[in-house]
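A.B. asks: Can you keep this structure in mind? I'll have questions shortly.
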Amino acid sequence: MAVNENPEILLYPRIRKSPFFYASRRHGVAKYSVYNHTYHPRHYGDPVAEYWHLVNGVTLWDVGVERQIEITGPDAFAFTNMLVPRDLNKCAVGQCKYVFITAPDGGIINDPVLLRLGENHFWLSLADSDVLLWAQGLAYNSGMDVTIREADVGPVQVQGPKSREVMVDLFGPEVMDVPYYYCREFELDGMQVVVSRTGYTSELGFEIYLKEASRDGVRLWDTVLQAGEPHGIQVIGPCHLRRIEGGILAWGSDIGLDTNPFEVGYGYEVSWMVDLDQEADFVGKEALTRVRDNGISRKLVGVEIGGEPLGTYNDGSMIDVFPVHEPGSSGAPVGKVTSACHSPRLERNIGFAMVPIHLATLGTELSVHRPGGQVPAVVVEKPFVDPKKMLPKQDLRRLAATS
């Protein structure tokens, strides 16, 4: 197989290939993005068809771009608890947590999923920003006895309502005993993996973290694909349609170094994400305490946007942010839409917008400048679909008994 079968896709040697690169590209990648300095399949030709495969069936994703930062050593717990604002005393071995890594000023450096594999053994499954050197620099100056490295681990996602059947065929019925946001180690045809009940979809789903990924990536891919064939598994890219519906934020779009957790809805409303009462003096604690006490001047909200249907986000339809204005104003923008798409199931344009706090109340009317001109918008509840996240939290044993 030629390395570059599509002349429109240019491959550069300084951009990495995931452990599943050569396997996932067999399925006809239509567009790549670069994520964590690594080629990432964005979609395979029809993001709307991929969406329906996800919400009705089962899908396989190459997410080897989620680089795994491993933290070990006698002081690994104390160090990791300093790195994130969540109180990891409330994270058991075998549990996963969605966390922020915050800067001294409270900005969001990254929002990984943290996996606690042992008392002093953690993986950080990264979003799209560099964390390895940040963590190593903190460790160097901390005086703590920790080892921080990028592990040879690569994840794939198996997502959708039929993901349970595929995972049972791969790992046996005991995989149904893994609760939501927990993980467990398995062996699969001689490959060592960690399976977690996590994903980027707000659907029922799993991630399979492959150890020795640089060696066994293609073999794992083929093994999952073969198990999924009887269940109609389809290879897709990251489904931004579903993650926007589910209220999942994207680093670099909705959150980043210039935002703090309180501004994006993970401070006041979800206080456990930033535990300012814990004993640990995590990075950014002083700044975030001031933010809590003084309040915020802007907030990330859900919006419905008028006009013709927007694209799928995956298709590059939102290369730039959309300016937000107060209704009837022709002056400077007061905010911006950070992610937006046309939801196939809701049949309307939805997204997130960062707006001044006085415009953040539900029902507030806005004006958005999007391709095609200025259109009305309104602040609405998010998540837009399944707001209590009941789909991914399903009891798999009970689901099996009723299916």
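Ordering of the structure tokens sets the chain letters (A, B, ...); residue numbers start at 1 within each chain; ligands are numbered from 1 in the order shown.
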Once you count only C-alpha atoms, what closest atom pair and distance in Å to one decimal does each residue of segment 314-395 of chain A within 12 Å of segment 42-47 of chain A have, with rows by chain and rising residue number, as CSV?

C.D. replies:
```
residue,atom,partner,partner_atom,distance
A:Asn314,CA,A:Arg42,CA,6.3
A:Asp315,CA,A:Pro47,CA,7.3
A:Gly316,CA,A:Arg42,CA,9.5
A:Ser317,CA,A:Pro47,CA,11.7
A:Cys341,CA,A:Pro47,CA,11.3
A:His342,CA,A:Pro47,CA,11.4
A:Ser343,CA,A:Pro47,CA,11.4
A:Pro344,CA,A:Pro47,CA,10.5
```

A.B. asks: Keeping all heavy atoms, export the residues of the selection given above as a CSV table (one decimal), in the first residue's frame.

C.D. replies:
```csv
chain,number,residue,atom,x,y,z
A,314,ASN,N,-17.1,19.2,11.6
A,314,ASN,CA,-16.0,18.3,11.1
A,314,ASN,C,-15.6,18.7,9.6
A,314,ASN,O,-14.5,18.4,9.2
A,314,ASN,CB,-16.5,16.9,11.0
A,314,ASN,CG,-16.1,16.1,12.3
A,314,ASN,OD1,-15.9,16.7,13.3
A,314,ASN,ND2,-16.0,14.8,12.1
A,315,ASP,N,-16.5,19.3,8.9
A,315,ASP,CA,-16.3,19.5,7.5
A,315,ASP,C,-15.5,20.8,7.2
A,315,ASP,O,-15.4,21.2,6.1
A,315,ASP,CB,-17.6,19.5,6.7
A,315,ASP,CG,-18.6,20.6,7.2
A,315,ASP,OD1,-18.2,21.3,8.1
A,315,ASP,OD2,-19.7,20.6,6.8
A,316,GLY,N,-15.1,21.5,8.3
A,316,GLY,CA,-14.4,22.7,8.1
A,316,GLY,C,-15.3,23.9,8.0
A,316,GLY,O,-14.9,25.0,7.6
A,317,SER,N,-16.6,23.7,8.3
A,317,SER,CA,-17.6,24.8,8.1
A,317,SER,C,-17.4,25.9,9.1
A,317,SER,O,-18.0,27.0,8.9
A,317,SER,CB,-19.0,24.2,8.1
A,317,SER,OG,-19.3,23.5,9.3
A,341,CYS,N,-22.9,23.9,14.8
A,341,CYS,CA,-23.2,22.9,13.8
A,341,CYS,C,-24.7,22.9,13.6
A,341,CYS,O,-25.5,23.5,14.3
A,341,CYS,CB,-22.7,21.5,14.2
A,341,CYS,SG,-23.7,20.8,15.6
A,342,HIS,N,-25.1,22.1,12.6
A,342,HIS,CA,-26.6,21.9,12.4
A,342,HIS,C,-26.8,20.5,12.9
A,342,HIS,O,-26.3,19.5,12.3
A,342,HIS,CB,-26.9,22.0,10.9
A,342,HIS,CG,-28.4,21.8,10.6
A,342,HIS,ND1,-28.9,20.7,10.2
A,342,HIS,CD2,-29.5,22.7,10.8
A,342,HIS,CE1,-30.3,20.8,10.1
A,342,HIS,NE2,-30.6,22.0,10.5
A,343,SER,N,-27.6,20.4,13.9
A,343,SER,CA,-27.9,19.0,14.5
A,343,SER,C,-28.9,18.3,13.6
A,343,SER,O,-30.0,18.8,13.4
A,343,SER,CB,-28.5,19.2,15.9
A,343,SER,OG,-29.1,18.0,16.3
A,344,PRO,N,-28.5,17.1,13.1
A,344,PRO,CA,-29.4,16.4,12.2
A,344,PRO,C,-30.7,15.9,13.0
A,344,PRO,O,-31.8,15.9,12.3
A,344,PRO,CB,-28.6,15.1,11.8
A,344,PRO,CG,-27.2,15.6,12.0
A,344,PRO,CD,-27.2,16.5,13.2
```

A.B. asks: Tell me which protein, DNA and RNA residues are within 10 Å of Asn260 of chain A, counting only C-alpha atoms, leaving out same-chain ones fewer than 4 positions away, and put them as a ChimeraX atom specification.

C.D. replies: /A:100,102-103,105-109,255-256,264-267,284,287-288,291,296,299

A.B. asks: Output C-alpha atoms for every residue in that selection, as a JSON list (two decimals), in the first residue's frame.

C.D. replies:
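Result file follows (result-v3.json):
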```json
[["chain", "number", "residue", "atom", "x", "y", "z"],
["A", 100, "PHE", "CA", -8.63, 20.43, 34.05],
["A", 102, "THR", "CA", -4.79, 24.84, 35.22],
["A", 103, "ALA", "CA", -2.14, 27.54, 34.88],
["A", 105, "ASP", "CA", -3.59, 32.47, 36.47],
["A", 106, "GLY", "CA", -6.40, 29.89, 36.37],
["A", 107, "GLY", "CA", -6.36, 29.41, 32.59],
["A", 108, "ILE", "CA", -7.04, 25.93, 31.22],
["A", 109, "ILE", "CA", -3.88, 24.27, 29.89],
["A", 255, "ILE", "CA", -11.75, 26.40, 26.30],
["A", 256, "GLY", "CA", -8.07, 27.26, 26.47],
["A", 264, "VAL", "CA", -17.06, 27.72, 30.97],
["A", 265, "GLY", "CA", -19.53, 26.30, 33.49],
["A", 266, "TYR", "CA", -17.25, 24.13, 35.59],
["A", 267, "GLY", "CA", -16.80, 26.28, 38.67],
["A", 284, "GLY", "CA", -3.94, 28.11, 40.01],
["A", 287, "ALA", "CA", -6.22, 32.81, 41.16],
["A", 288, "LEU", "CA", -9.33, 30.65, 40.95],
["A", 291, "VAL", "CA", -12.38, 34.37, 40.43],
["A", 296, "ILE", "CA", -16.97, 36.43, 36.24],
["A", 299, "LYS", "CA", -19.77, 33.00, 30.37]]
```

A.B. asks: Write out as JSON lines the residues of segment 1-67 of chain A that have any atom within 10 Å of an atom of segment 163-166 of chain A, one row each with the nearest atom pair and its distance in Å to one decimal, counting only C-alpha atoms, sorted by chain and then rising number.

C.D. replies:
```
{"residue": "A:Leu54", "atom": "CA", "partner": "A:Ser163", "partner_atom": "CA", "distance": 9.6}
{"residue": "A:Gly57", "atom": "CA", "partner": "A:Ser163", "partner_atom": "CA", "distance": 7.6}
{"residue": "A:Val58", "atom": "CA", "partner": "A:Ser163", "partner_atom": "CA", "distance": 5.3}
{"residue": "A:Thr59", "atom": "CA", "partner": "A:Ser163", "partner_atom": "CA", "distance": 7.6}
{"residue": "A:Leu60", "atom": "CA", "partner": "A:Ser163", "partner_atom": "CA", "distance": 9.2}
```

A.B. asks: Nearest residue to Pro371 of chain A out of A:Leu310, A:Leu124, A:Ala353, A:Ala332, using only C-alpha atoms?

C.D. replies: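 Counting only C-alpha atoms, the residue closest to Pro371 of chain A is A:Leu310.
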
A.B. asks: Which residues are close to segment 74-83 of chain A, i.e. within 7 Å by only C-alpha atoms, leaving aside same-chain residues fewer than 5 positions away? Reply as a PyMOL selection string.

C.D. replies: chain A and resi 88+101+119-121+144-146+280-283

A.B. asks: Mind checking DSSP for segment 60-283 of chain A and telling me the helix (DSSP H, G or I) residues as a PyMOL selection string?

C.D. replies: chain A and resi 76-83+88-90+132-142+163-171+173-177+213-231+240-245+271-273

A.B. asks: Write out as a list in words the residues lying within 9 Å of Val224 of chain A, counting only C-alpha atoms and excluding same-chain residues fewer than 3 positions away.

C.D. replies: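 Neighbouring residues, sequence-local ones excluded: Leu60, Val158, Val166, Met167, Leu170, Arg219, Leu220, Trp221, Ala227, Gly228 and Glu229 of chain A.
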
A.B. asks: Write the residues you've just listed into a file as a PDB file, in the first residue's frame, and include C-alpha atoms for each of them.

C.D. replies:
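Contents of the output file again-v4.pdb:
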```pdb
ATOM      1  CA  LEU A  60     -14.720   2.680  15.775  1.00  0.00           C
ATOM      2  CA  VAL A 158     -15.832   2.024  20.428  1.00  0.00           C
ATOM      3  CA  VAL A 166     -18.927  -5.624  20.476  1.00  0.00           C
ATOM      4  CA  MET A 167     -17.051  -5.273  23.762  1.00  0.00           C
ATOM      5  CA  LEU A 170     -14.020  -9.025  22.611  1.00  0.00           C
ATOM      6  CA  ARG A 219      -3.390  -5.783  15.193  1.00  0.00           C
ATOM      7  CA  LEU A 220      -5.697  -4.263  17.791  1.00  0.00           C
ATOM      8  CA  TRP A 221      -7.546  -2.293  15.118  1.00  0.00           C
ATOM      9  CA  ALA A 227     -15.479  -8.407  16.365  1.00  0.00           C
ATOM     10  CA  GLY A 228     -17.624  -5.492  15.269  1.00  0.00           C
ATOM     11  CA  GLU A 229     -18.516  -6.730  11.793  1.00  0.00           C
TER      12      GLU A 229
END
```

A.B. asks: In Å, with one decimal, what is the gap from atom CA of Phe122 of chain A to atom CA of Leu204 of chain A?

C.D. replies: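 Taking atom CA of Phe122 of chain A and atom CA of Leu204 of chain A, their separation equals 24.1 Å.
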
A.B. asks: Taking only C-alpha atoms into account, which of A:Val55, A:Val168, A:Ala30, A:Tyr35 comes nearest Arg397 of chain A?

C.D. replies: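 Closest candidate: A:Val168.
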
A.B. asks: Counting only C-alpha atoms, figure out which residue out of A:Ser142, A:Ser297, A:Thr201, A:Ser253 gets nearest to Val321 of chain A.

C.D. replies: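 Once distances to Val321 of chain A are computed over only C-alpha atoms, the minimum belongs to A:Ser253.
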
A.B. asks: Using only C-alpha atoms, which of A:Val334, A:Leu276, A:Ile244, A:Val235 sits nearest Asp386 of chain A?

C.D. replies: A:Ile244

A.B. asks: With distances taken over only C-alpha atoms, which of A:Leu241, A:Ile236, A:Ala23, A:Val65 is nearest to Tyr39 of chain A?

C.D. replies: A:Val65

A.B. asks: Quick one: everything within 9 Å of segment 245-248 of chain A, counting only C-alpha atoms, minus sequence neighbours fewer than 3 positions away in the same chain. Send it as a list in words.

C.D. replies: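 Once the nearby chain positions are removed, what remains is Tyr200, Thr201, Ser202, Glu203, His240, Leu241, Arg242, Gly302, Ser343, Leu346, Ile350, Gly351, Phe352, Lys382, Pro383, Phe384, Val385, Asp386, Pro387 and Lys389 of chain A.
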
A.B. asks: Store the residues picked out above, limited to all heavy atoms, as a compact mmCIF listing (two decimals), in the first residue's frame.

C.D. replies:
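Written file, part-v1.txt:
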```
# COMPACT_ATOMS: atom_id res chain seq x y z
N TYR A 200 -16.03 10.47 23.72
CA TYR A 200 -16.21 11.87 23.30
C TYR A 200 -17.55 12.04 22.60
O TYR A 200 -17.66 12.74 21.61
CB TYR A 200 -15.06 12.25 22.37
CG TYR A 200 -14.82 13.72 22.16
CD1 TYR A 200 -14.57 14.56 23.24
CD2 TYR A 200 -14.80 14.26 20.89
CE1 TYR A 200 -14.32 15.91 23.05
CE2 TYR A 200 -14.55 15.62 20.68
CZ TYR A 200 -14.32 16.44 21.77
OH TYR A 200 -14.07 17.77 21.58
N THR A 201 -18.60 11.37 23.12
CA THR A 201 -19.86 11.32 22.37
C THR A 201 -21.10 11.57 23.20
O THR A 201 -22.15 11.87 22.64
CB THR A 201 -20.04 9.94 21.71
OG1 THR A 201 -20.16 8.95 22.74
CG2 THR A 201 -18.87 9.60 20.80
N SER A 202 -21.06 11.38 24.51
CA SER A 202 -22.26 11.36 25.35
C SER A 202 -23.19 10.21 24.97
O SER A 202 -24.37 10.20 25.34
CB SER A 202 -23.02 12.69 25.31
OG SER A 202 -22.27 13.71 25.92
N GLU A 203 -22.67 9.23 24.23
CA GLU A 203 -23.38 7.98 23.97
C GLU A 203 -22.76 6.87 24.81
O GLU A 203 -21.69 7.04 25.39
CB GLU A 203 -23.28 7.60 22.48
CG GLU A 203 -23.99 8.53 21.52
CD GLU A 203 -25.51 8.39 21.57
OE1 GLU A 203 -25.99 7.29 21.95
OE2 GLU A 203 -26.21 9.36 21.24
N HIS A 240 -18.23 15.65 16.00
CA HIS A 240 -18.48 16.92 16.66
C HIS A 240 -19.97 17.26 16.71
O HIS A 240 -20.41 17.99 17.60
CB HIS A 240 -17.69 18.03 15.99
CG HIS A 240 -16.22 17.97 16.28
ND1 HIS A 240 -15.69 18.50 17.43
CD2 HIS A 240 -15.19 17.42 15.61
CE1 HIS A 240 -14.38 18.29 17.45
NE2 HIS A 240 -14.05 17.64 16.35
N LEU A 241 -20.75 16.74 15.78
CA LEU A 241 -22.19 16.91 15.87
C LEU A 241 -22.70 16.40 17.21
O LEU A 241 -23.48 17.07 17.89
CB LEU A 241 -22.89 16.15 14.73
CG LEU A 241 -22.72 16.69 13.31
CD1 LEU A 241 -23.23 15.66 12.31
CD2 LEU A 241 -23.46 18.00 13.15
N ARG A 242 -22.27 15.22 17.58
CA ARG A 242 -22.76 14.60 18.82
C ARG A 242 -22.13 15.23 20.05
O ARG A 242 -22.79 15.39 21.08
CB ARG A 242 -22.49 13.09 18.81
CG ARG A 242 -23.15 12.36 19.97
CD ARG A 242 -24.67 12.45 19.91
NE ARG A 242 -25.30 11.92 21.12
CZ ARG A 242 -25.65 12.67 22.17
NH1 ARG A 242 -25.45 13.97 22.17
NH2 ARG A 242 -26.21 12.11 23.22
N GLY A 302 -25.05 27.96 25.86
CA GLY A 302 -25.61 27.30 24.70
C GLY A 302 -26.42 28.29 23.88
O GLY A 302 -27.08 29.17 24.44
N SER A 343 -27.62 20.36 13.92
CA SER A 343 -27.92 19.05 14.50
C SER A 343 -28.90 18.30 13.61
O SER A 343 -30.02 18.77 13.37
CB SER A 343 -28.53 19.22 15.89
OG SER A 343 -29.13 18.00 16.32
N LEU A 346 -32.09 17.37 15.87
CA LEU A 346 -32.86 18.51 16.35
C LEU A 346 -33.32 19.41 15.21
O LEU A 346 -34.22 20.23 15.38
CB LEU A 346 -32.03 19.32 17.34
CG LEU A 346 -31.57 18.59 18.60
CD1 LEU A 346 -30.70 19.50 19.46
CD2 LEU A 346 -32.76 18.08 19.41
N ILE A 350 -27.07 24.71 16.42
CA ILE A 350 -26.78 24.81 17.85
C ILE A 350 -25.29 25.05 18.04
O ILE A 350 -24.48 24.78 17.15
CB ILE A 350 -27.20 23.54 18.61
CG1 ILE A 350 -26.47 22.30 18.05
CG2 ILE A 350 -28.71 23.35 18.55
CD1 ILE A 350 -26.70 21.02 18.84
N GLY A 351 -24.93 25.54 19.21
CA GLY A 351 -23.51 25.73 19.48
C GLY A 351 -23.27 26.36 20.85
O GLY A 351 -24.19 26.44 21.68
N PHE A 352 -22.04 26.78 21.06
CA PHE A 352 -21.63 27.45 22.29
C PHE A 352 -21.14 28.84 21.93
O PHE A 352 -20.52 29.05 20.89
CB PHE A 352 -20.49 26.69 22.98
CG PHE A 352 -20.71 25.21 23.11
CD1 PHE A 352 -19.69 24.31 22.77
CD2 PHE A 352 -21.90 24.70 23.58
CE1 PHE A 352 -19.88 22.95 22.89
CE2 PHE A 352 -22.10 23.33 23.71
CZ PHE A 352 -21.08 22.45 23.36
N LYS A 382 -27.89 23.94 27.76
CA LYS A 382 -27.02 22.89 27.26
C LYS A 382 -26.71 21.93 28.41
O LYS A 382 -26.73 22.35 29.56
CB LYS A 382 -25.73 23.47 26.65
CG LYS A 382 -24.86 24.26 27.62
CD LYS A 382 -23.58 24.70 26.94
CE LYS A 382 -22.73 25.59 27.84
NZ LYS A 382 -22.21 24.97 29.05
N PRO A 383 -26.47 20.66 28.15
CA PRO A 383 -26.46 19.99 26.84
C PRO A 383 -27.82 20.04 26.14
O PRO A 383 -28.86 20.14 26.77
CB PRO A 383 -26.08 18.55 27.18
CG PRO A 383 -25.42 18.62 28.52
CD PRO A 383 -26.09 19.75 29.24
N PHE A 384 -27.76 19.94 24.82
CA PHE A 384 -28.96 20.04 24.00
C PHE A 384 -29.73 18.73 23.94
O PHE A 384 -30.93 18.72 23.71
CB PHE A 384 -28.57 20.45 22.57
CG PHE A 384 -27.82 21.76 22.51
CD1 PHE A 384 -26.43 21.79 22.60
CD2 PHE A 384 -28.49 22.96 22.37
CE1 PHE A 384 -25.73 23.00 22.54
CE2 PHE A 384 -27.81 24.16 22.31
CZ PHE A 384 -26.42 24.19 22.41
N VAL A 385 -29.03 17.60 24.11
CA VAL A 385 -29.62 16.27 24.06
C VAL A 385 -29.17 15.51 25.30
O VAL A 385 -27.99 15.57 25.69
CB VAL A 385 -29.18 15.51 22.77
CG1 VAL A 385 -29.65 14.07 22.81
CG2 VAL A 385 -29.71 16.22 21.53
N ASP A 386 -30.10 14.78 25.95
CA ASP A 386 -29.78 13.96 27.12
C ASP A 386 -29.00 14.75 28.16
O ASP A 386 -27.86 14.42 28.50
CB ASP A 386 -28.99 12.73 26.68
CG ASP A 386 -28.79 11.71 27.80
OD1 ASP A 386 -29.60 11.66 28.73
OD2 ASP A 386 -27.77 10.97 27.74
N PRO A 387 -29.60 15.82 28.70
CA PRO A 387 -28.85 16.72 29.59
C PRO A 387 -28.30 16.08 30.85
O PRO A 387 -27.32 16.57 31.41
CB PRO A 387 -29.87 17.82 29.92
CG PRO A 387 -31.19 17.25 29.60
CD PRO A 387 -30.99 16.29 28.48
N LYS A 389 -27.06 13.05 30.94
CA LYS A 389 -26.06 12.06 30.51
C LYS A 389 -26.46 10.63 30.91
O LYS A 389 -25.62 9.83 31.36
CB LYS A 389 -24.68 12.39 31.09
CG LYS A 389 -24.22 13.82 30.80
CD LYS A 389 -23.22 13.85 29.70
CE LYS A 389 -22.66 15.24 29.49
NZ LYS A 389 -22.20 15.45 28.13
```

A.B. asks: Could you tell me which of A:Ser329, A:Thr289, A:Gln95, A:Ser125 comes closest to Gly199 of chain A if we count only C-alpha atoms?

C.D. replies: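 Once distances to Gly199 of chain A are computed over only C-alpha atoms, the minimum belongs to A:Ser125.
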